[in-house]
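This report refers to the structure that appears directly beneath it.
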Amino acid sequence: MATEFPVGLSIDQDPIVRWGTPLCVKSARSRAGGATPAAASPPVPPEVRFAQRIRLGVLTSEITPEMVQEVLECTGRLEMRRRVLPARATVYFVLALCLFGSAESAGAPGYRVVLRSLSNKLRHIPDLAFQRLPTSSAPTRARQRLGDKPLQALFERLSGPLATPDLTSAFAFGLRLVAWHGTALDVPDTPANAAEFGFTGENGVNRCGNPQARLMALIECGTHAVIDAAFDAVARFSEHALSRRLLASPEPTMLLPADRNFAGYELWTATRATGAHLVWMLKQYAVFDPIKVLPDGSFLTIMRTPADNVRYGQARAAGRVLKDPPHGQLIRIVDYTVTIRPRQGPPRTETYRLATSLLDHEQASAHQLAKIYHERWEIKNRLRGAGFVLRSKLPELVYQEIYALLTVYQALCSLELHTAAHTGIDPERMSFTVTVHLARLSVTDQVADNPATLATTHQNFAADLLDALLPPRRDRRCERVKKPSKNTFETKKRDRPRIDDKISYYLKATRHPPLPATTP
């Protein structure tokens with residue numbers, strides 16, 4: 001239902017609609033065409049004043065109340081009645097769920113635990129006089145009313161590259177370094193989530209574990225910021241399909257490394273159409289005929305179309321040589337080796353092959369390209385924590401939670417960059433684990449919107465973060481091997497019938513016959 005408000009007055013500030021004025025008063029006000037006098041407005045209840053004061057600690061400087069208010073208005077999620085958890089407080093609550101998601105080793109903290117952390121000191125301010133927390137079901141209903149659109153709009157406002165040209169570690173050959181990476185997020189095993197997201201496994205037969213959502217992100221290598229992200233059901237969408245959703249984000253000023261999973265003519269052509277330059281790992285069995293060998297050992301060749309790949313493959317198998325030139329993209333191939341020296345056993349050498357659109361060997365030598373590819377950063381789920389499952393049991397709330405997770409992650413990266421920029425330190429030396437821990441502490445210690453208090457909080461945050469800097473980047477010391485699972489029991493398959501483990505025990509006490517009398 002559309003409602004007209006006076007110019008410059010939002011629905012959160014409207015004393016008539018928000019605080020539950022009787023319908024006759026609203027009707028009289030509408031007929032009069034003006035605002036009710038201030039004396040007729042009821043006082044703002046303490047719980048509402050309390051909800052308006054909820055913030056997100058130091059992250060509030062990145063996710064401001066004005067920004068939250070704006071996305072709520074754009075998505076039409078402003079409430080029309082008084083609630084203990086209004087829409088703006090619910091947005092901060094959902095963001096706090098992700099910030100505190102891995103705060104406890106036993107599992108994700110409950111709703112009331114997160115609410116208690118958000119209002120640790122606010123509930124005891126005398127002028128608010130509000131110490132009652134909502135019930136556990138109230139945040140659930142508030143999340144369902146909010147939906148995922150406000151969090152999506154909030155992430156879209158914050159996402160994007162953060163590095164400035166003076167941050168040399170974020171650029172190479174005058175181009176901004178970005179990278180693709182995909183991961184899977186476990187969601188609760190409910191019928192709705194299972195139908196929406198599905199399970200991993202061949203044709204969904206050997207399904208085990210939880211339903212999963214596949215997430216693809218375009219990351220800025222120097223700051224680890226999220227430029228763009230796409231996610232969907234793991235059963236229906238591969239990393240290739242999701243990467244095509246991110247093709248609107250690469251720009252001609254970017255250099256995009258990617259692993260061998262993405263190498264292919266169609267995706268290469270679509271990505272190059274954005275103007276971005278590419279450095280992609282190729283699979284070993286791919287055959288390329290050199291056209292010109294460059295002084296640094298690399299060579300120019302043609303990435304053939306799928307039809308020409310078949311034609312040239314058949315000719316090679318038959319021992320024939322095709323005279324007409326192939327059709328496709330002109331690329332440059334760089335071959336290099338990496339020697340691994342384990343602590344035990346002899347060293348071994350592995351061969352790698354890169355394809356790049358940077359054809360000038362003087363602009364980007366083969367040695368530089370090999371180093372750039374190995375600096376490709378992979379997005380990790382450090383904020384959520386290893387072994388944890390998202391808490392939302394409905395698909396719409398899963399979308400809401402993933403957007404909130406990305407929003408909080410982007411705000412944390414921005415805080416790290418701002419702290420590093422003031423001290424001239426590379427952002428890669430900032431410990432993300434310490435950043436998350438300090439951000440949680442600032443949430444529990446928040447009291448008021450006093451500018452002096454907020455400035456002191458940010459100064460303490462920066463000082464503590466700089467006190468826990470990581471050492472300069474060093475070479476890999478441990479061999480990259482897959483660790484065996486500690487669980488030696490067979491994983492239960494979802495397509496197998498569950499064994500009934502409900503066992504009943506019956507105890508019957510028997511009376512022992514009396515002992516025969518003994519003579520002294």
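Chains: A, B, ... in order of the structure tokens. Residues: from 1 per chain. Ligands: from 1, in order shown.
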Using only C-alpha atoms, determine which residues lie at most 12 Å from region 433-440 of chain A, disregarding the query and same-chain residues fewer than 5 positions distant; provide the list as a PyMOL selection string. chain A and resi 55-61+95-104+114+117-118+120+380-385+408-417+419+427+445-446+457-470
Neighbouring residues of Gln152 (chain A) were defined as those with any atom within 9 Å, considering only C-alpha atoms; residues of the same chain fewer than 3 positions away were excluded. Please report them as a PyMOL selection string. chain A and resi 148-149+155-157+399-400+403-404+407
Shortest contact to Phe237 (chain A), candidates A:Pro150, A:Pro252, A:Gly182, A:Asn193, atoms counted only C-alpha atoms, goes to A:Gly182
Set the distance at 9 Å and use only C-alpha atoms: which residues neighbour Arg376 (chain A) once local chain neighbours fewer than 4 positions away are removed? I'd like the list as a list in words. Leu177, Val178, Ala179, Trp180, Cys221, Pro257, Ala258 and Ile372 of chain A
Run DSSP on the backbone of this structure and report the residues of region 258-411 of chain A it assigns to helix (DSSP H, G or I), as a PyMOL selection string. chain A and resi 265-272+306-318+366-374+395-411
note - CA of Tyr312 (chain A) and CA of Gly264 (chain A) are separated by 16.2 Å
Could you pull the residues within 9 Å of Gly160 (chain A), counting only C-alpha atoms, minus those fewer than 2 positions along the same chain, as a PyMOL selection string? chain A and resi 156-158+162+219-220+225-228+249+410
Find the distance between CA of Leu215 (chain A) and CA of Ala370 (chain A) and write it in Å to one decimal.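 Answer for the CA of Leu215 (chain A) to CA of Ala370 (chain A) separation: 26.9 Å.
By chain and then residue number, the residues within 9 Å of Leu359 (chain A) are Phe299, Leu300, Leu330, Ile331, Arg332, Thr356, Glu362, Gln363 and Ala364 of chain A, counting only C-alpha atoms and disregarding those fewer than 3 positions away in sequence.
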Those selected residues, please, written with all heavy atoms and delivered as a PDB file, in the first residue's frame.
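Result written to result-v5.pdb:
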ATOM      1  N   PHE A 299      55.718 -18.430 -27.011  1.00  0.00           N
ATOM      2  CA  PHE A 299      55.426 -18.446 -28.442  1.00  0.00           C
ATOM      3  C   PHE A 299      53.970 -18.050 -28.669  1.00  0.00           C
ATOM      4  O   PHE A 299      53.110 -18.219 -27.796  1.00  0.00           O
ATOM      5  CB  PHE A 299      55.715 -19.815 -29.062  1.00  0.00           C
ATOM      6  CG  PHE A 299      54.894 -20.947 -28.505  1.00  0.00           C
ATOM      7  CD1 PHE A 299      53.668 -21.293 -29.071  1.00  0.00           C
ATOM      8  CD2 PHE A 299      55.350 -21.676 -27.415  1.00  0.00           C
ATOM      9  CE1 PHE A 299      52.916 -22.336 -28.568  1.00  0.00           C
ATOM     10  CE2 PHE A 299      54.601 -22.727 -26.908  1.00  0.00           C
ATOM     11  CZ  PHE A 299      53.391 -23.058 -27.478  1.00  0.00           C
ATOM     12  N   LEU A 300      53.724 -17.523 -29.861  1.00  0.00           N
ATOM     13  CA  LEU A 300      52.380 -17.149 -30.284  1.00  0.00           C
ATOM     14  C   LEU A 300      51.730 -18.315 -31.006  1.00  0.00           C
ATOM     15  O   LEU A 300      52.388 -19.047 -31.757  1.00  0.00           O
ATOM     16  CB  LEU A 300      52.433 -15.921 -31.209  1.00  0.00           C
ATOM     17  CG  LEU A 300      53.048 -14.643 -30.633  1.00  0.00           C
ATOM     18  CD1 LEU A 300      53.001 -13.529 -31.673  1.00  0.00           C
ATOM     19  CD2 LEU A 300      52.339 -14.219 -29.360  1.00  0.00           C
ATOM     20  N   LEU A 330      44.130 -15.325 -31.235  1.00  0.00           N
ATOM     21  CA  LEU A 330      45.584 -15.271 -31.153  1.00  0.00           C
ATOM     22  C   LEU A 330      45.986 -15.136 -29.691  1.00  0.00           C
ATOM     23  O   LEU A 330      45.561 -14.200 -28.999  1.00  0.00           O
ATOM     24  CB  LEU A 330      46.122 -14.091 -31.968  1.00  0.00           C
ATOM     25  CG  LEU A 330      47.648 -13.911 -31.959  1.00  0.00           C
ATOM     26  CD1 LEU A 330      48.336 -15.112 -32.601  1.00  0.00           C
ATOM     27  CD2 LEU A 330      48.035 -12.615 -32.670  1.00  0.00           C
ATOM     28  N   ILE A 331      46.804 -16.058 -29.183  1.00  0.00           N
ATOM     29  CA  ILE A 331      47.223 -16.063 -27.790  1.00  0.00           C
ATOM     30  C   ILE A 331      48.729 -16.276 -27.722  1.00  0.00           C
ATOM     31  O   ILE A 331      49.387 -16.562 -28.721  1.00  0.00           O
ATOM     32  CB  ILE A 331      46.509 -17.166 -26.971  1.00  0.00           C
ATOM     33  CG1 ILE A 331      46.842 -18.544 -27.530  1.00  0.00           C
ATOM     34  CG2 ILE A 331      45.011 -16.921 -26.937  1.00  0.00           C
ATOM     35  CD1 ILE A 331      46.299 -19.684 -26.685  1.00  0.00           C
ATOM     36  N   ARG A 332      49.222 -16.164 -26.515  1.00  0.00           N
ATOM     37  CA  ARG A 332      50.646 -16.391 -26.243  1.00  0.00           C
ATOM     38  C   ARG A 332      50.768 -17.473 -25.177  1.00  0.00           C
ATOM     39  O   ARG A 332      50.063 -17.423 -24.159  1.00  0.00           O
ATOM     40  CB  ARG A 332      51.294 -15.090 -25.776  1.00  0.00           C
ATOM     41  CG  ARG A 332      52.756 -15.191 -25.394  1.00  0.00           C
ATOM     42  CD  ARG A 332      53.251 -13.805 -25.021  1.00  0.00           C
ATOM     43  NE  ARG A 332      54.516 -13.841 -24.288  1.00  0.00           N
ATOM     44  CZ  ARG A 332      54.852 -12.976 -23.362  1.00  0.00           C
ATOM     45  NH1 ARG A 332      53.999 -12.006 -23.028  1.00  0.00           N
ATOM     46  NH2 ARG A 332      56.017 -13.064 -22.747  1.00  0.00           N
ATOM     47  N   THR A 356      47.947 -16.436 -22.371  1.00  0.00           N
ATOM     48  CA  THR A 356      47.695 -15.042 -22.029  1.00  0.00           C
ATOM     49  C   THR A 356      47.355 -14.249 -23.286  1.00  0.00           C
ATOM     50  O   THR A 356      47.756 -14.618 -24.408  1.00  0.00           O
ATOM     51  CB  THR A 356      48.928 -14.414 -21.334  1.00  0.00           C
ATOM     52  OG1 THR A 356      48.670 -13.048 -21.047  1.00  0.00           O
ATOM     53  CG2 THR A 356      50.159 -14.518 -22.204  1.00  0.00           C
ATOM     54  N   GLU A 362      57.970  -7.843 -24.220  1.00  0.00           N
ATOM     55  CA  GLU A 362      58.679  -6.757 -23.532  1.00  0.00           C
ATOM     56  C   GLU A 362      57.801  -6.128 -22.455  1.00  0.00           C
ATOM     57  O   GLU A 362      58.297  -5.673 -21.424  1.00  0.00           O
ATOM     58  CB  GLU A 362      59.127  -5.706 -24.539  1.00  0.00           C
ATOM     59  CG  GLU A 362      60.160  -6.225 -25.542  1.00  0.00           C
ATOM     60  CD  GLU A 362      60.612  -5.139 -26.490  1.00  0.00           C
ATOM     61  OE1 GLU A 362      60.012  -4.031 -26.463  1.00  0.00           O
ATOM     62  OE2 GLU A 362      61.553  -5.381 -27.275  1.00  0.00           O
ATOM     63  N   GLN A 363      56.503  -6.087 -22.687  1.00  0.00           N
ATOM     64  CA  GLN A 363      55.591  -5.560 -21.663  1.00  0.00           C
ATOM     65  C   GLN A 363      55.441  -6.532 -20.509  1.00  0.00           C
ATOM     66  O   GLN A 363      55.430  -6.128 -19.342  1.00  0.00           O
ATOM     67  CB  GLN A 363      54.212  -5.280 -22.275  1.00  0.00           C
ATOM     68  CG  GLN A 363      53.179  -4.813 -21.260  1.00  0.00           C
ATOM     69  CD  GLN A 363      51.777  -4.792 -21.828  1.00  0.00           C
ATOM     70  OE1 GLN A 363      51.553  -5.218 -22.965  1.00  0.00           O
ATOM     71  NE2 GLN A 363      50.823  -4.300 -21.057  1.00  0.00           N
ATOM     72  N   ALA A 364      55.321  -7.819 -20.798  1.00  0.00           N
ATOM     73  CA  ALA A 364      55.139  -8.846 -19.769  1.00  0.00           C
ATOM     74  C   ALA A 364      55.964 -10.059 -20.168  1.00  0.00           C
ATOM     75  O   ALA A 364      55.588 -10.800 -21.081  1.00  0.00           O
ATOM     76  CB  ALA A 364      53.668  -9.220 -19.635  1.00  0.00           C
TER      77      ALA A 364
END
For region 289-291 of chain A, list every protein, DNA or RNA residue within 9 Å, evaluated using only C-alpha atoms, and leave out those in the same chain fewer than 2 positions away; present the list as a VMD selection string. chain A and resid 287 293 299 to 302 333
Export N, CA and C atoms of the chosen residues as a compact mmCIF listing (two decimals), in the first residue's frame?
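The file below, part35.txt, is the result:
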# COMPACT_ATOMS: atom_id res chain seq x y z
N VAL A 287 47.02 -29.25 -27.27
CA VAL A 287 48.07 -29.16 -28.29
C VAL A 287 47.94 -27.84 -29.02
N VAL A 293 58.09 -17.94 -32.24
CA VAL A 293 58.76 -18.10 -30.96
C VAL A 293 59.39 -16.76 -30.57
N PHE A 299 55.72 -18.43 -27.01
CA PHE A 299 55.43 -18.45 -28.44
C PHE A 299 53.97 -18.05 -28.67
N LEU A 300 53.72 -17.52 -29.86
CA LEU A 300 52.38 -17.15 -30.28
C LEU A 300 51.73 -18.31 -31.01
N THR A 301 50.43 -18.47 -30.79
CA THR A 301 49.69 -19.56 -31.41
C THR A 301 48.22 -19.16 -31.52
N ILE A 302 47.42 -20.08 -32.00
CA ILE A 302 45.99 -19.84 -32.18
C ILE A 302 45.21 -20.77 -31.25
N ILE A 333 51.64 -18.45 -25.41
CA ILE A 333 51.82 -19.59 -24.52
C ILE A 333 53.14 -19.44 -23.76
Show which residues sit within 6 Å of Gln212 (chain A), as a ChimeraX atom specification. Count only C-alpha atoms, and ignore same-chain residues fewer than 2 positions away. /A:185-187,197,234
One-decimal distance in Å that lies between CA of Arg214 (chain A) and CA of Leu146 (chain A): 23.4 Å
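Proximity to Met216 (chain A) was assessed for A:Arg316, A:Val84, A:Thr64, A:Leu406 counting only C-alpha atoms; the smallest distance is recorded for A:Leu406.
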With distances taken over only C-alpha atoms, which residue among A:Pro191, A:Gly222, A:Phe173, A:Pro161 lies nearest Ala420 (chain A)?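 That would be A:Gly222, the residue with the smallest distance to Ala420 (chain A).
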